[in-house]
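Everything on this sheet refers to the single structure shown next.
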Amino acid sequence: MNSAIFGQLTVFHTIVREGNIAAAARKLHISATAVSKSLKLLEQQLGLPLFVRNTRSIKLTEAGRLLHGQTAHSLHNLEQAFDQVRELAQTPSGHIKITVSRLAYHAALRPLFAEFCQSYPQILLEVSLNDGTIDILAEEFDLGIRFGDQIDEGMVARKLLAPMREGLFASPAYLARHGTPACIDDLQQHKLIGYRLMTSKSLLPLRLIEQAEPVCVTMPLALICNDINMVNDAVCRHLGIGRIFEPLYRQEADKTMLVPVLEPHWYTYPPTYLYYLKNSTQARKINVLVDFLLARTESATPH
């Protein structure tokens, strides 16, 4: 494959990813005319149109879908190969895209990202917070951080954080007004700060442990939100009982407004993992970040 085709394929994949020619031009820092010309040359070489265009949208043809599916992985490998060769004699540098759940961000990445950016100023981190399951190859991420180690073929999972408990907390004023629940059944007399999952749009179930078995508990709701920090705020403003994971509770400078409730019944979630493509760590910038996160989280995890 000559360099012209490589460039044309890069433009083609950028159009697919960005959704239109103008956005692709901005992403590639070239003119829309240059993007259109590159696409036209690729279509001429193939003898088939790759997109159906109208005034409002641009969609892949059958040939376009086939080309995109057959070249995505190869183009990714080629780009990595160029990065690896360039990095041999260089300080770690480049752009790293990370997808991370909100909880994983607060528990694993939030305490560390500033130190990493200061230690490796030539590496640009792009962090996307998303609670859904992300195909990092299809979405063009370098790394992901999530609960559990269930990953697709060709991926590597490395444990960042040990299993963590999801705690129940209330403010002293709320408990003084409504009483402290002594058993799970008492929760029916209290209100919960509900958490709505962004991707499924469903409420996160309240899981507790009763007689060594996990149970789902339904409580009256005081408020529904989709942000971990807002749950904390609602608890501190005496609205109800909220769920806060232990690593986040430990990060709180002032814990006086967060009183643990029913601690023997707290549910334990699986470990948090860093996952990436098997050959990703051949790129120096990726290897540096993986080693940094593993070293810092291992030393910070309580034993």
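Chain labels follow the order of the structure tokens: the first chain is A, the next B, and so on; residue numbering restarts at 1 in every chain, and ligands are counted from 1 in their shown order.
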
Return as a VMD selection string the full set of residues in segment 5-152 of chain A whose backbone-based DSSP assignment is alpha helix (DSSP H). chain A and resid 5 to 18 21 to 28 32 to 46 62 to 87 102 to 104 113 to 119

Can you check which residues of segment 44-288 of chain A DSSP gives as strand (DSSP E) on the backbone and send them as JSON, numbers by chain? {"A": [51, 52, 53, 58, 59, 60, 94, 95, 96, 97, 98, 99, 100, 123, 124, 125, 126, 127, 128, 129, 143, 144, 145, 146, 147, 155, 156, 157, 158, 159, 160, 161, 164, 165, 166, 167, 168, 169, 170, 192, 193, 194, 195, 206, 207, 208, 209, 210, 213, 214, 215, 216, 217, 221, 222, 223, 224, 225, 242, 243, 244, 245, 259, 260, 261, 267, 268, 269, 272, 273, 274, 275, 276, 277]}

Would you pick out the contacts of Tyr276 of chain A at 12 Å or less, using only C-alpha atoms, so that residues sharing its chain but fewer than 5 positions from it are not included, and give the list as a compact mmCIF listing (two decimals) with C-alpha atoms, in the first residue's frame?
# COMPACT_ATOMS: atom_id res chain seq x y z
CA ILE A 96 -3.89 8.98 24.49
CA LYS A 97 -7.67 8.51 24.56
CA ILE A 98 -9.16 6.91 27.67
CA THR A 99 -12.75 5.86 28.31
CA ILE A 134 -17.35 0.75 25.12
CA ASP A 135 -15.68 -1.10 22.24
CA ILE A 136 -12.35 0.69 22.48
CA LEU A 137 -11.21 -0.45 19.02
CA GLU A 140 -10.78 4.46 18.76
CA PHE A 141 -9.82 4.60 22.43
CA ASP A 142 -6.41 3.46 23.61
CA LEU A 143 -7.44 2.39 27.12
CA GLY A 144 -10.53 1.78 29.21
CA ILE A 145 -11.18 1.58 32.96
CA ARG A 146 -14.22 -0.37 34.19
CA ASP A 149 -12.50 -8.23 33.73
CA ILE A 151 -13.35 -8.22 27.88
CA ASP A 152 -13.41 -8.99 24.17
CA GLU A 153 -10.91 -11.26 22.46
CA GLY A 154 -7.61 -9.55 21.78
CA MET A 155 -7.81 -7.40 24.93
CA VAL A 156 -5.74 -7.41 28.11
CA ALA A 157 -7.23 -6.62 31.54
CA ARG A 158 -5.02 -5.45 34.43
CA LYS A 159 -6.42 -4.94 37.93
CA THR A 281 1.77 -1.35 25.16
CA GLN A 282 4.28 -1.65 22.32
CA ALA A 283 3.67 2.07 21.94
CA ILE A 286 0.74 3.67 26.31
CA ASN A 287 3.30 1.63 28.21
CA LEU A 289 0.65 5.36 31.28
CA VAL A 290 -0.14 1.71 32.09

Find the spatial neighbours of segment 63-66 of chain A, counting only C-alpha atoms, within a cut-off of 8 Å - ignore same-chain residues fewer than 4 positions away - and output them as a PyMOL selection string. chain A and resi 48-51+70

Output all heavy atoms for every residue in that selection, as a compact mmCIF listing (two decimals), in the first residue's frame.
# COMPACT_ATOMS: atom_id res chain seq x y z
N LEU A 48 -16.07 2.67 -7.12
CA LEU A 48 -17.37 2.62 -6.45
C LEU A 48 -17.49 3.81 -5.49
O LEU A 48 -16.50 4.23 -4.89
CB LEU A 48 -17.53 1.33 -5.63
CG LEU A 48 -17.69 0.02 -6.40
CD1 LEU A 48 -17.50 -1.15 -5.44
CD2 LEU A 48 -19.07 -0.05 -7.03
N PRO A 49 -18.71 4.35 -5.34
CA PRO A 49 -18.90 5.40 -4.33
C PRO A 49 -18.87 4.79 -2.93
O PRO A 49 -19.35 3.68 -2.71
CB PRO A 49 -20.28 5.97 -4.66
CG PRO A 49 -21.00 4.84 -5.33
CD PRO A 49 -19.95 4.07 -6.10
N LEU A 50 -18.31 5.53 -1.97
CA LEU A 50 -18.22 5.05 -0.60
C LEU A 50 -19.26 5.68 0.31
O LEU A 50 -19.54 5.15 1.39
CB LEU A 50 -16.81 5.34 -0.04
CG LEU A 50 -15.68 4.64 -0.79
CD1 LEU A 50 -14.32 5.11 -0.26
CD2 LEU A 50 -15.79 3.13 -0.67
N PHE A 51 -19.82 6.81 -0.13
CA PHE A 51 -20.84 7.49 0.66
C PHE A 51 -22.01 7.88 -0.24
O PHE A 51 -21.84 8.14 -1.43
CB PHE A 51 -20.28 8.77 1.30
CG PHE A 51 -19.26 8.54 2.37
CD1 PHE A 51 -17.90 8.62 2.07
CD2 PHE A 51 -19.64 8.26 3.67
CE1 PHE A 51 -16.95 8.42 3.06
CE2 PHE A 51 -18.69 8.06 4.66
CZ PHE A 51 -17.36 8.14 4.36
N GLN A 70 -13.21 -3.78 6.85
CA GLN A 70 -12.03 -4.57 6.50
C GLN A 70 -10.72 -3.85 6.78
O GLN A 70 -9.66 -4.49 6.88
CB GLN A 70 -12.07 -4.95 5.00
CG GLN A 70 -13.19 -5.91 4.63
CD GLN A 70 -12.96 -7.31 5.19
OE1 GLN A 70 -11.83 -7.73 5.39
NE2 GLN A 70 -14.03 -8.02 5.49

Using only C-alpha atoms, which residues sit within 12 Å of Lys37 of chain A once same-chain residues fewer than 2 positions away are excluded, as a PyMOL selection string? chain A and resi 7-8+11-12+21+25+30-35+39-44

Report as a list in words all protein, DNA and RNA residues lying within 7 Å of segment 202-216 of chain A, evaluated on only C-alpha atoms, omitting residues in the same chain fewer than 6 positions from it.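 So, after excluding close chain neighbours, the residues are Gly194, Tyr195, Arg196, His265, Trp266 and Tyr267 of chain A.
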
Convert the current residue selection to file output with all heavy atoms, as an mmCIF file, in the first residue's frame.
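Below is the file that was written, result-v2.cif:
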data_model
loop_
_atom_site.group_PDB
_atom_site.id
_atom_site.type_symbol
_atom_site.label_atom_id
_atom_site.label_comp_id
_atom_site.auth_asym_id
_atom_site.auth_seq_id
_atom_site.Cartn_x
_atom_site.Cartn_y
_atom_site.Cartn_z
ATOM 1 N N GLY A 194 -31.578 8.372 44.590
ATOM 2 C CA GLY A 194 -31.486 7.443 43.459
ATOM 3 C C GLY A 194 -30.421 7.864 42.464
ATOM 4 O O GLY A 194 -30.130 9.053 42.291
ATOM 5 N N TYR A 195 -29.846 6.860 41.784
ATOM 6 C CA TYR A 195 -28.810 7.115 40.771
ATOM 7 C C TYR A 195 -29.264 6.487 39.454
ATOM 8 O O TYR A 195 -29.496 5.278 39.385
ATOM 9 C CB TYR A 195 -27.464 6.531 41.202
ATOM 10 C CG TYR A 195 -26.325 6.858 40.256
ATOM 11 C CD1 TYR A 195 -25.572 8.007 40.425
ATOM 12 C CD2 TYR A 195 -26.014 6.017 39.184
ATOM 13 C CE1 TYR A 195 -24.531 8.327 39.563
ATOM 14 C CE2 TYR A 195 -24.980 6.330 38.313
ATOM 15 C CZ TYR A 195 -24.247 7.480 38.509
ATOM 16 O OH TYR A 195 -23.221 7.786 37.643
ATOM 17 N N ARG A 196 -29.413 7.320 38.409
ATOM 18 C CA ARG A 196 -29.840 6.808 37.106
ATOM 19 C C ARG A 196 -28.621 6.581 36.206
ATOM 20 O O ARG A 196 -27.791 7.475 36.023
ATOM 21 C CB ARG A 196 -30.814 7.763 36.417
ATOM 22 C CG ARG A 196 -31.452 7.133 35.168
ATOM 23 C CD ARG A 196 -32.522 8.014 34.556
ATOM 24 N NE ARG A 196 -33.670 8.255 35.415
ATOM 25 C CZ ARG A 196 -34.659 7.385 35.612
ATOM 26 N NH1 ARG A 196 -34.611 6.187 35.047
ATOM 27 N NH2 ARG A 196 -35.673 7.705 36.395
ATOM 28 N N HIS A 265 -24.138 -4.752 56.117
ATOM 29 C CA HIS A 265 -24.918 -5.206 54.965
ATOM 30 C C HIS A 265 -24.424 -4.628 53.636
ATOM 31 O O HIS A 265 -25.055 -4.854 52.603
ATOM 32 C CB HIS A 265 -26.390 -4.837 55.164
ATOM 33 C CG HIS A 265 -27.024 -5.493 56.352
ATOM 34 N ND1 HIS A 265 -27.460 -6.791 56.349
ATOM 35 C CD2 HIS A 265 -27.278 -5.006 57.607
ATOM 36 C CE1 HIS A 265 -27.971 -7.097 57.531
ATOM 37 N NE2 HIS A 265 -27.872 -6.029 58.312
ATOM 38 N N TRP A 266 -23.324 -3.913 53.636
ATOM 39 C CA TRP A 266 -22.850 -3.277 52.409
ATOM 40 C C TRP A 266 -22.446 -4.325 51.375
ATOM 41 O O TRP A 266 -21.844 -5.348 51.697
ATOM 42 C CB TRP A 266 -21.668 -2.367 52.700
ATOM 43 C CG TRP A 266 -22.036 -1.116 53.452
ATOM 44 C CD1 TRP A 266 -23.279 -0.745 53.879
ATOM 45 C CD2 TRP A 266 -21.139 -0.100 53.893
ATOM 46 N NE1 TRP A 266 -23.226 0.456 54.539
ATOM 47 C CE2 TRP A 266 -21.920 0.874 54.570
ATOM 48 C CE3 TRP A 266 -19.773 0.107 53.781
ATOM 49 C CZ2 TRP A 266 -21.361 2.021 55.124
ATOM 50 C CZ3 TRP A 266 -19.212 1.231 54.342
ATOM 51 C CH2 TRP A 266 -19.998 2.185 55.006
ATOM 52 N N TYR A 267 -22.750 -4.014 50.119
ATOM 53 C CA TYR A 267 -22.465 -4.917 49.001
ATOM 54 C C TYR A 267 -21.073 -4.627 48.431
ATOM 55 O O TYR A 267 -20.663 -3.460 48.336
ATOM 56 C CB TYR A 267 -23.521 -4.722 47.906
ATOM 57 C CG TYR A 267 -23.373 -5.614 46.704
ATOM 58 C CD1 TYR A 267 -23.821 -6.925 46.726
ATOM 59 C CD2 TYR A 267 -22.789 -5.134 45.533
ATOM 60 C CE1 TYR A 267 -23.694 -7.746 45.617
ATOM 61 C CE2 TYR A 267 -22.655 -5.940 44.415
ATOM 62 C CZ TYR A 267 -23.113 -7.245 44.463
ATOM 63 O OH TYR A 267 -22.976 -8.054 43.361
#

Between A:Ala4, A:Leu9, A:Leu28, A:Met219, which is the closest to Lys191 of chain A once you count only C-alpha atoms?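 Nearest to Lys191 of chain A: A:Met219.
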
If you count only C-alpha atoms, the residue of A:Ile58, A:Met257, A:Leu46, A:Ala72 closest to His13 of chain A turns out to be A:Ala72
